[in-house]
>>> print(open('target.cif').read())   # mmCIF, C-alpha atoms
data_target
#
loop_
_atom_site.group_PDB
_atom_site.id
_atom_site.type_symbol
_atom_site.label_atom_id
_atom_site.label_comp_id
_atom_site.auth_asym_id
_atom_site.auth_seq_id
_atom_site.Cartn_x
_atom_site.Cartn_y
_atom_site.Cartn_z
ATOM 1 C CA MET A 8 0.000 0.000 0.000
ATOM 2 C CA MET A 9 1.380 3.366 -0.937
ATOM 3 C CA GLU A 10 1.663 5.830 1.900
ATOM 4 C CA VAL A 11 1.278 9.530 1.338
ATOM 5 C CA GLY A 12 3.076 11.666 3.894
ATOM 6 C CA GLY A 13 3.412 15.366 4.553
ATOM 7 C CA PRO A 14 6.599 17.441 4.328
ATOM 8 C CA ALA A 15 9.206 16.453 6.871
ATOM 9 C CA SER A 16 10.200 20.054 7.342
ATOM 10 C CA CYS A 17 9.297 23.428 5.995
ATOM 11 C CA THR A 18 10.812 26.821 5.425
ATOM 12 C CA ALA A 19 8.013 29.148 6.364
ATOM 13 C CA LEU A 20 7.309 32.784 5.782
ATOM 14 C CA VAL A 21 5.759 34.270 8.900
ATOM 15 C CA ARG A 22 3.209 37.003 8.516
ATOM 16 C CA PHE A 23 1.425 38.797 11.282
ATOM 17 C CA ALA A 24 -2.180 37.705 11.571
ATOM 18 C CA ALA A 25 -4.137 40.699 10.366
ATOM 19 C CA ARG A 26 -7.292 38.616 10.091
ATOM 20 C CA ARG A 27 -8.865 35.537 11.533
ATOM 21 C CA PRO A 28 -10.333 32.714 9.437
ATOM 22 C CA ALA A 29 -14.034 32.631 8.743
ATOM 23 C CA ARG A 30 -15.949 31.127 11.628
ATOM 24 C CA ARG A 31 -18.714 28.573 11.252
ATOM 25 C CA ASN A 32 -21.488 31.183 11.194
ATOM 26 C CA ASP A 33 -19.624 33.197 8.537
ATOM 27 C CA LEU A 34 -19.500 30.349 6.022
ATOM 28 C CA PRO A 35 -22.110 29.922 3.255
ATOM 29 C CA PRO A 36 -24.366 26.852 3.439
ATOM 30 C CA THR A 37 -23.118 23.728 1.671
ATOM 31 C CA THR A 38 -24.575 20.390 0.638
ATOM 32 C CA GLU A 39 -21.224 18.592 0.584
ATOM 33 C CA GLN A 40 -20.614 15.533 2.763
ATOM 34 C CA PRO A 41 -19.348 16.604 6.208
ATOM 35 C CA THR A 42 -15.656 15.948 6.759
ATOM 36 C CA VAL A 43 -13.569 15.428 9.874
ATOM 37 C CA ASN A 44 -12.115 18.698 11.162
ATOM 38 C CA ILE A 45 -8.784 18.129 12.881
ATOM 39 C CA LEU A 46 -6.780 20.524 15.047
ATOM 40 C CA VAL A 47 -3.088 19.592 15.097
ATOM 41 C CA THR A 48 -0.774 21.068 17.710
ATOM 42 C CA ASN A 49 2.372 20.181 19.683
ATOM 43 C CA ASP A 50 4.803 21.471 22.302
ATOM 44 C CA ASP A 51 8.003 21.375 20.210
ATOM 45 C CA GLY A 52 6.989 24.434 18.193
ATOM 46 C CA ILE A 53 5.328 25.045 14.854
ATOM 47 C CA TYR A 54 8.549 24.366 12.910
ATOM 48 C CA ALA A 55 9.163 20.937 14.470
ATOM 49 C CA PRO A 56 9.541 18.055 11.980
ATOM 50 C CA GLY A 57 7.212 15.868 14.039
ATOM 51 C CA LEU A 58 4.392 18.349 13.545
ATOM 52 C CA ALA A 59 4.954 18.496 9.781
ATOM 53 C CA ALA A 60 4.900 14.698 9.484
ATOM 54 C CA LEU A 61 1.776 14.412 11.624
ATOM 55 C CA ARG A 62 -0.028 17.071 9.620
ATOM 56 C CA GLY A 63 0.648 15.168 6.406
ATOM 57 C CA GLN A 64 -0.885 11.968 7.753
ATOM 58 C CA MET A 65 -3.850 13.683 9.408
ATOM 59 C CA GLU A 66 -4.722 15.243 6.037
ATOM 60 C CA ARG A 67 -5.632 11.713 4.944
ATOM 61 C CA LEU A 68 -8.342 11.695 7.608
ATOM 62 C CA GLY A 69 -9.881 15.128 7.116
ATOM 63 C CA ASP A 70 -9.360 18.881 7.031
ATOM 64 C CA VAL A 71 -6.362 19.891 9.141
ATOM 65 C CA HIS A 72 -5.767 23.179 10.934
ATOM 66 C CA VAL A 73 -2.441 23.713 12.687
ATOM 67 C CA VAL A 74 -2.235 25.891 15.787
ATOM 68 C CA ALA A 75 1.078 25.417 17.601
ATOM 69 C CA PRO A 76 3.495 27.299 19.862
ATOM 70 C CA ALA A 77 5.830 29.746 18.162
ATOM 71 C CA THR A 78 8.739 28.299 20.181
ATOM 72 C CA GLU A 79 9.452 25.046 22.005
ATOM 73 C CA GLN A 80 7.349 24.551 25.143
ATOM 74 C CA SER A 81 8.572 21.163 26.382
ATOM 75 C CA GLY A 82 7.813 20.389 30.015
ATOM 76 C CA VAL A 83 5.440 23.304 30.584
ATOM 77 C CA GLY A 84 2.603 20.962 31.525
ATOM 78 C CA HIS A 85 -0.853 22.536 31.469
ATOM 79 C CA ALA A 86 0.286 26.128 31.874
ATOM 80 C CA ILE A 87 -1.962 28.809 30.398
ATOM 81 C CA THR A 88 -1.392 32.491 29.652
ATOM 82 C CA TYR A 89 -3.756 35.020 31.207
ATOM 83 C CA LEU A 90 -1.601 37.878 32.530
ATOM 84 C CA THR A 91 -0.193 38.826 29.126
ATOM 85 C CA PRO A 92 -1.740 38.918 25.636
ATOM 86 C CA LEU A 93 -1.398 36.015 23.212
ATOM 87 C CA ILE A 94 0.405 37.070 20.037
ATOM 88 C CA VAL A 95 -0.737 35.045 17.032
ATOM 89 C CA LYS A 96 0.987 34.911 13.642
ATOM 90 C CA GLU A 97 -0.042 33.133 10.459
ATOM 91 C CA VAL A 98 2.673 30.915 8.984
ATOM 92 C CA PHE A 99 2.965 30.100 5.283
ATOM 93 C CA HIS A 100 4.785 27.352 3.402
ATOM 94 C CA GLY A 101 5.339 29.005 0.068
ATOM 95 C CA ASP A 102 1.906 30.333 -0.920
ATOM 96 C CA ARG A 103 0.125 27.738 1.202
ATOM 97 C CA ALA A 104 -1.231 28.696 4.605
ATOM 98 C CA TRP A 105 0.585 26.323 6.973
ATOM 99 C CA GLY A 106 -0.897 27.212 10.334
ATOM 100 C CA TRP A 107 -0.959 29.602 13.253
ATOM 101 C CA ALA A 108 1.981 30.277 15.570
ATOM 102 C CA VAL A 109 0.975 31.275 19.088
ATOM 103 C CA GLU A 110 3.286 32.977 21.583
ATOM 104 C CA GLY A 111 1.998 30.757 24.361
ATOM 105 C CA SER A 112 1.708 27.239 25.724
ATOM 106 C CA PRO A 113 0.277 24.125 24.060
ATOM 107 C CA ALA A 114 -2.887 24.487 26.133
ATOM 108 C CA ASP A 115 -3.154 28.096 24.952
ATOM 109 C CA CYS A 116 -2.949 26.870 21.368
ATOM 110 C CA VAL A 117 -5.901 24.521 21.782
ATOM 111 C CA LYS A 118 -7.942 27.114 23.645
ATOM 112 C CA ILE A 119 -7.519 29.804 21.017
ATOM 113 C CA GLY A 120 -7.567 27.285 18.168
ATOM 114 C CA VAL A 121 -10.989 25.943 19.103
ATOM 115 C CA SER A 122 -12.399 29.327 20.134
ATOM 116 C CA GLU A 123 -11.028 31.612 17.408
ATOM 117 C CA LEU A 124 -8.735 30.218 14.732
ATOM 118 C CA CYS A 125 -10.376 27.040 13.402
ATOM 119 C CA PRO A 126 -13.113 27.797 10.837
ATOM 120 C CA GLN A 127 -15.122 24.851 12.208
ATOM 121 C CA ARG A 128 -15.205 23.334 15.680
ATOM 122 C CA PRO A 129 -12.690 20.460 15.561
ATOM 123 C CA ASP A 130 -13.945 16.881 15.702
ATOM 124 C CA LEU A 131 -10.485 15.683 16.698
ATOM 125 C CA VAL A 132 -7.442 17.209 18.405
ATOM 126 C CA VAL A 133 -4.072 15.525 17.787
ATOM 127 C CA SER A 134 -0.957 16.736 19.609
ATOM 128 C CA GLY A 135 2.535 15.746 18.479
ATOM 129 C CA ILE A 136 4.632 14.132 17.311
ATOM 130 C CA ASN A 137 6.683 14.870 20.418
ATOM 131 C CA SER A 138 10.440 14.351 20.337
ATOM 132 C CA GLY A 139 10.703 11.999 23.304
ATOM 133 C CA LEU A 140 8.349 9.560 25.002
ATOM 134 C CA ASN A 141 5.597 10.826 27.268
ATOM 135 C CA ALA A 142 5.045 7.657 29.272
ATOM 136 C CA GLY A 143 4.721 7.023 32.986
ATOM 137 C CA ILE A 144 4.406 10.114 35.168
ATOM 138 C CA ASN A 145 5.785 12.231 32.333
ATOM 139 C CA VAL A 146 2.160 12.699 31.282
ATOM 140 C CA LEU A 147 1.872 15.136 34.205
ATOM 141 C CA TYR A 148 4.746 17.307 32.960
ATOM 142 C CA SER A 149 4.167 17.040 29.228
ATOM 143 C CA GLY A 150 2.978 19.972 27.167
ATOM 144 C CA THR A 151 2.090 17.500 24.410
ATOM 145 C CA VAL A 152 -0.318 15.610 26.665
ATOM 146 C CA ALA A 153 -1.626 18.859 28.177
ATOM 147 C CA ALA A 154 -2.705 20.055 24.723
ATOM 148 C CA ALA A 155 -4.683 16.835 24.248
ATOM 149 C CA ILE A 156 -6.208 17.217 27.713
ATOM 150 C CA GLU A 157 -7.294 20.737 26.803
ATOM 151 C CA GLY A 158 -9.033 19.325 23.753
ATOM 152 C CA ALA A 159 -10.823 16.837 25.996
ATOM 153 C CA PHE A 160 -11.963 19.742 28.193
ATOM 154 C CA PHE A 161 -13.884 20.967 25.147
ATOM 155 C CA GLY A 162 -15.551 17.561 24.769
ATOM 156 C CA ILE A 163 -13.469 16.688 21.681
ATOM 157 C CA ASP A 164 -11.771 13.364 20.993
ATOM 158 C CA SER A 165 -8.090 14.088 21.638
ATOM 159 C CA VAL A 166 -4.859 12.162 21.121
ATOM 160 C CA ALA A 167 -1.283 12.846 22.230
ATOM 161 C CA VAL A 168 1.460 11.215 20.127
ATOM 162 C CA SER A 169 5.107 10.882 21.215
ATOM 163 C CA LEU A 170 8.147 9.195 19.688
ATOM 164 C CA GLU A 171 11.198 7.892 21.525
ATOM 165 C CA PHE A 172 14.005 10.415 21.109
ATOM 166 C CA ASP A 173 16.575 9.886 18.389
ATOM 167 C CA GLU A 174 18.841 12.436 16.709
ATOM 168 C CA HIS A 175 17.740 11.107 13.302
ATOM 169 C CA ALA A 176 14.160 10.129 14.128
ATOM 170 C CA ASP A 177 11.963 8.896 11.272
ATOM 171 C CA TYR A 178 8.957 11.101 11.947
ATOM 172 C CA ASP A 179 7.302 10.153 8.663
ATOM 173 C CA GLN A 180 7.141 6.480 9.649
ATOM 174 C CA ALA A 181 6.024 7.386 13.167
ATOM 175 C CA ALA A 182 3.243 9.550 11.720
ATOM 176 C CA ARG A 183 2.068 6.655 9.543
ATOM 177 C CA LEU A 184 1.895 4.362 12.573
ATOM 178 C CA ALA A 185 0.083 7.028 14.595
ATOM 179 C CA ARG A 186 -2.455 7.595 11.835
ATOM 180 C CA ARG A 187 -3.205 3.875 11.575
ATOM 181 C CA VAL A 188 -3.736 3.637 15.342
ATOM 182 C CA ILE A 189 -5.931 6.748 15.394
ATOM 183 C CA GLU A 190 -8.033 5.373 12.533
ATOM 184 C CA GLN A 191 -8.773 2.247 14.559
ATOM 185 C CA VAL A 192 -9.561 4.293 17.652
ATOM 186 C CA LEU A 193 -12.114 6.378 15.754
ATOM 187 C CA GLN A 194 -13.695 3.270 14.242
ATOM 188 C CA ASN A 195 -14.102 1.419 17.547
ATOM 189 C CA LYS A 196 -14.541 4.016 20.298
ATOM 190 C CA ASP A 197 -17.787 4.845 22.068
ATOM 191 C CA PRO A 198 -19.629 8.019 21.031
ATOM 192 C CA GLU A 199 -18.501 9.719 24.248
ATOM 193 C CA PRO A 200 -15.414 11.937 23.649
ATOM 194 C CA GLN A 201 -12.223 10.318 24.916
ATOM 195 C CA LEU A 202 -8.596 11.210 25.580
ATOM 196 C CA TYR A 203 -5.719 8.947 24.486
ATOM 197 C CA ASN A 204 -1.947 8.892 24.896
ATOM 198 C CA ILE A 205 0.114 7.108 22.213
ATOM 199 C CA ASN A 206 3.846 6.371 22.549
ATOM 200 C CA ILE A 207 6.027 4.929 19.802
ATOM 201 C CA PRO A 208 9.443 3.372 20.546
ATOM 202 C CA GLN A 209 12.215 3.477 17.965
ATOM 203 C CA ALA A 210 12.094 -0.327 17.671
ATOM 204 C CA ALA A 211 8.522 -0.141 16.323
ATOM 205 C CA LEU A 212 9.683 1.932 13.349
ATOM 206 C CA ARG A 213 11.820 -0.963 12.152
ATOM 207 C CA GLU A 214 8.982 -3.501 12.151
ATOM 208 C CA ALA A 215 6.482 -4.064 9.371
ATOM 209 C CA ALA A 216 3.669 -4.783 11.831
ATOM 210 C CA PRO A 217 4.609 -3.652 15.355
ATOM 211 C CA THR A 218 2.477 -4.752 18.297
ATOM 212 C CA VAL A 219 0.041 -2.247 19.772
ATOM 213 C CA SER A 220 -0.508 -2.621 23.527
ATOM 214 C CA VAL A 221 -3.386 -1.056 25.439
ATOM 215 C CA VAL A 222 -1.772 -0.495 28.840
ATOM 216 C CA PRO A 223 -2.085 1.646 31.983
ATOM 217 C CA THR A 224 0.302 4.432 32.846
ATOM 218 C CA ASP A 225 3.171 3.432 35.124
ATOM 219 C CA VAL A 226 3.396 5.593 38.240
ATOM 220 C CA VAL A 227 7.040 4.996 39.180
ATOM 221 C CA ARG A 228 8.729 8.279 40.069
ATOM 222 C CA HIS A 229 11.852 9.720 38.504
ATOM 223 C CA ALA A 230 15.200 8.978 40.100
ATOM 224 C CA ASP A 231 15.762 12.703 40.337
ATOM 225 C CA ALA A 232 19.186 14.064 41.110
ATOM 226 C CA PHE A 233 20.609 17.564 41.040
ATOM 227 C CA GLU A 234 24.146 18.389 39.991
ATOM 228 C CA LYS A 235 25.546 21.272 42.007
ATOM 229 C CA ARG A 236 27.563 23.813 40.066
ATOM 230 C CA TYR A 237 28.927 27.333 40.465
ATOM 231 C CA ASP A 238 28.598 30.292 38.139
ATOM 232 C CA PRO A 239 31.526 32.657 37.388
ATOM 233 C CA TRP A 240 30.642 34.747 40.462
ATOM 234 C CA GLY A 241 30.771 31.739 42.785
ATOM 235 C CA ARG A 242 27.023 31.457 43.256
ATOM 236 C CA GLU A 243 25.533 27.983 43.561
ATOM 237 C CA TYR A 244 23.047 26.669 41.051
ATOM 238 C CA PHE A 245 21.597 23.226 40.355
ATOM 239 C CA TRP A 246 20.955 21.264 37.178
ATOM 240 C CA LEU A 247 18.338 18.497 37.204
ATOM 241 C CA THR A 248 19.764 15.169 36.056
ATOM 242 C CA GLY A 249 18.589 11.568 36.065
ATOM 243 C CA GLY A 250 18.015 8.756 33.633
ATOM 244 C CA PRO A 251 14.852 7.407 31.996
ATOM 245 C CA LEU A 252 11.965 5.992 33.976
ATOM 246 C CA THR A 253 12.519 2.367 34.999
ATOM 247 C CA PRO A 254 9.386 0.221 35.403
ATOM 248 C CA THR A 255 8.855 -1.568 38.697
ATOM 249 C CA GLY A 256 6.505 -4.373 39.601
ATOM 250 C CA GLU A 257 5.115 -7.200 37.502
ATOM 251 C CA GLN A 258 2.085 -5.445 36.011
ATOM 252 C CA GLU A 259 2.246 -4.664 32.299
ATOM 253 C CA THR A 260 2.394 -0.882 31.895
ATOM 254 C CA ASP A 261 3.307 1.608 29.217
ATOM 255 C CA LEU A 262 6.944 1.509 30.368
ATOM 256 C CA THR A 263 7.228 -2.290 30.217
ATOM 257 C CA ALA A 264 5.468 -2.481 26.842
ATOM 258 C CA LEU A 265 7.670 0.232 25.338
ATOM 259 C CA LYS A 266 10.733 -1.648 26.550
ATOM 260 C CA LYS A 267 9.506 -4.600 24.455
ATOM 261 C CA GLY A 268 9.237 -2.391 21.381
ATOM 262 C CA HIS A 269 5.438 -2.136 21.421
ATOM 263 C CA VAL A 270 3.443 0.898 20.393
ATOM 264 C CA THR A 271 1.411 1.815 23.472
ATOM 265 C CA ILE A 272 -1.942 3.517 23.842
ATOM 266 C CA THR A 273 -3.503 4.532 27.143
ATOM 267 C CA PRO A 274 -6.950 6.039 27.664
ATOM 268 C CA LEU A 275 -6.539 8.934 30.086
ATOM 269 C CA ASP A 276 -8.909 10.762 32.414
ATOM 270 C CA TYR A 277 -8.375 14.284 33.716
ATOM 271 C CA ASN A 278 -10.738 13.843 36.691
ATOM 272 C CA LEU A 279 -8.256 13.640 39.586
ATOM 273 C CA THR A 280 -10.837 12.924 42.278
ATOM 274 C CA ARG A 281 -10.139 9.707 44.195
ATOM 275 C CA THR A 282 -13.741 8.656 44.711
ATOM 276 C CA SER A 283 -13.025 5.699 47.031
ATOM 277 C CA VAL A 284 -11.302 7.968 49.552
ATOM 278 C CA MET A 285 -13.930 10.670 49.114
ATOM 279 C CA ASP A 286 -16.679 8.174 49.955
ATOM 280 C CA ALA A 287 -14.815 7.145 53.120
ATOM 281 C CA MET A 288 -14.218 10.778 54.099
ATOM 282 C CA SER A 289 -17.920 11.570 53.854
ATOM 283 C CA GLY A 290 -18.432 9.506 57.016
ATOM 284 C CA TRP A 291 -15.811 11.317 59.064
ATOM 285 C CA GLY A 292 -18.241 13.994 60.198
ATOM 286 C CA MET A 293 -15.683 16.754 59.771
ATOM 287 C CA LYS A 294 -16.650 20.121 61.223
ATOM 288 C CA LEU A 295 -15.085 23.333 62.510
ATOM 289 C CA SER A 296 -15.958 24.811 65.890
ATOM 290 C CA ALA A 297 -15.574 28.441 66.864
ATOM 291 C CA GLU A 298 -12.230 29.233 68.497
ATOM 292 C CA PRO A 299 -12.073 31.063 71.835
ATOM 293 C CA ASP A 300 -11.449 34.786 71.483
ATOM 294 C CA GLU A 301 -8.057 34.578 73.193
ATOM 295 C CA GLU A 302 -6.840 31.955 70.719
ATOM 296 C CA GLN A 303 -7.903 34.138 67.822
ATOM 297 C CA ALA A 304 -6.042 37.080 69.345
ATOM 298 C CA VAL A 305 -2.857 35.029 69.790
ATOM 299 C CA SER A 306 -3.167 33.717 66.248
ATOM 300 C CA ALA A 307 -3.567 37.226 64.859
ATOM 301 C CA ALA A 308 -0.607 38.485 66.884
ATOM 302 C CA MET A 309 1.621 35.749 65.530
ATOM 303 C CA SER A 310 0.635 36.299 61.908
ATOM 304 C CA PRO A 311 3.505 37.748 59.857
ATOM 305 C CA VAL A 312 2.995 41.101 58.241
ATOM 306 C CA VAL A 313 4.708 41.608 54.888
ATOM 307 C CA ARG A 314 5.404 45.161 53.857
ATOM 308 C CA THR A 315 6.824 46.133 50.514
ATOM 309 C CA GLN A 316 9.683 48.577 50.804
ATOM 310 C CA ARG A 317 10.076 51.007 47.955
ATOM 311 C CA LYS A 318 13.585 51.071 46.638
ATOM 312 C CA VAL A 319 15.106 54.542 46.593
ATOM 313 C CA GLN A 320 17.820 55.156 44.051
ATOM 314 C CA GLN A 321 20.884 56.708 45.630
ATOM 315 C CA THR A 322 22.808 59.268 43.647
ATOM 316 C CA SER A 323 26.163 60.832 44.274
ATOM 317 C CA THR A 324 27.155 64.347 43.331
ATOM 318 C CA PHE A 325 30.720 64.863 42.292
ATOM 319 C CA GLN A 326 32.158 68.333 42.472
#
>>> encode(input="target.cif", output="structure tokens")
Amino acid sequence: MMEVGGPASCTALVRFAARRPARRNDLPPTTEQPTVNILVTNDDGIYAPGLAALRGQMERLGDVHVVAPATEQSGVGHAITYLTPLIVKEVFHGDRAWGWAVEGSPADCVKIGVSELCPQRPDLVVSGINSGLNAGINVLYSGTVAAAIEGAFFGIDSVAVSLEFDEHADYDQAARLARRVIEQVLQNKDPEPQLYNINIPQAALREAAPTVSVVPTDVVRHADAFEKRYDPWGREYFWLTGGPLTPTGEQETDLTALKKGHVTITPLDYNLTRTSVMDAMSGWGMKLSAEPDEEQAVSAAMSPVVRTQRKVQQTSTFQ
């Protein structure tokens, strides 16, 4: 079967966005068969080769609109921008509109993509292809996964796609594998919108038919370490080090499956409530009683008071 992929990289002309695309209510009525509207984003930046490869494969599934960070946003998690404005630029590949570059986080990109930049509400959000696996507890730090979670917040089927790091990664092949997995997800899933996390090891790229494992996320923590260094002025600073996550236990997880060379997919949920503990806590009868006045007075007296001191610039007069 012949595979049709997108450009592995692009040289883009960036133009400031002086307009926004036509929104759904602005478009004339049509009798054409509805198509799948796909929002593609990432955390490696709009010029990342993984994004270009993913866009090419997603175009086989429907209409693609790219809204991605203007610069790399790895490890920002689910950060959003609300104290400063979001600068948006339209990016072109030759004469072809390539996408929208946002001076913000991956979650920002999905927010503004769904709300303002996509001409139709997306039916699918796909984030990636990330340079590096987002397995285990890395899902909590990942900007790639956060973008997919933001899509799920909107009630849209959302998928995060990550590839094991390699200096010469074959993003085109990874995008083909991701597209084939996503196709099967869309064909078999329930009507309820769902969030998925896909990880692709390098070994899977070398197989004609790699195994796909549906597995839970491993929760082993990082073996974090900090290397202590000194800057030229003798001040201490620390650099986070540590190796990859190492699976523990006998249960099959995303980490153990990736170690075997399997493509992994995990359905995720952003509801962090631990209902079993909440049900037990409901029987505790927790309540707060009024404190005696003297205890309140002591508490108030011990409370620290923070005052901001205005810095006064000192000047010297030389005669």
>>> resolve_selection(input="target.cif", expression="the PyMOL selection byres ((chain A and resi 202-209) around 8)", output="number ranges by chain")
A: 140-142, 152, 155-156, 159, 164-173, 176, 181, 185, 200-201, 210-213, 265-266, 268-276
>>> residues_around(input="target.cif", residues="region 69-76 of chain A", least_positions_apart="5", cutoff="9 Å", atoms="only C-alpha atoms", output="count of residues only")
34
>>> atom_distance(input="target.cif", atom1="CA of Gln258 (chain A)", atom2="CA of Leu147 (chain A)")
20.7 Å
>>> closest_residue(input="target.cif", among="A:His175, A:Arg67, A:His85, A:Lys118", to="Ile189 (chain A)", atoms="only C-alpha atoms")
A:Arg67
>>> resolve_selection(input="target.cif", expression="the PyMOL selection byres ((chain A and resi 232) around 8)", output="list of chain:residue names")
A:Ala230, A:Asp231, A:Phe233, A:Glu234, A:Leu247, A:Thr248, A:Gly249
>>> atom_distance(input="target.cif", atom1="CA of Tyr277 (chain A)", atom2="CA of Pro223 (chain A)")
14.2 Å
>>> resolve_selection(input="target.cif", expression="the PyMOL selection byres ((chain A and resi 260) around 7)", output="count of residues only")
10
>>> atom_distance(input="target.cif", atom1="CA of Phe245 (chain A)", atom2="CA of Ala77 (chain A)")
28.0 Å
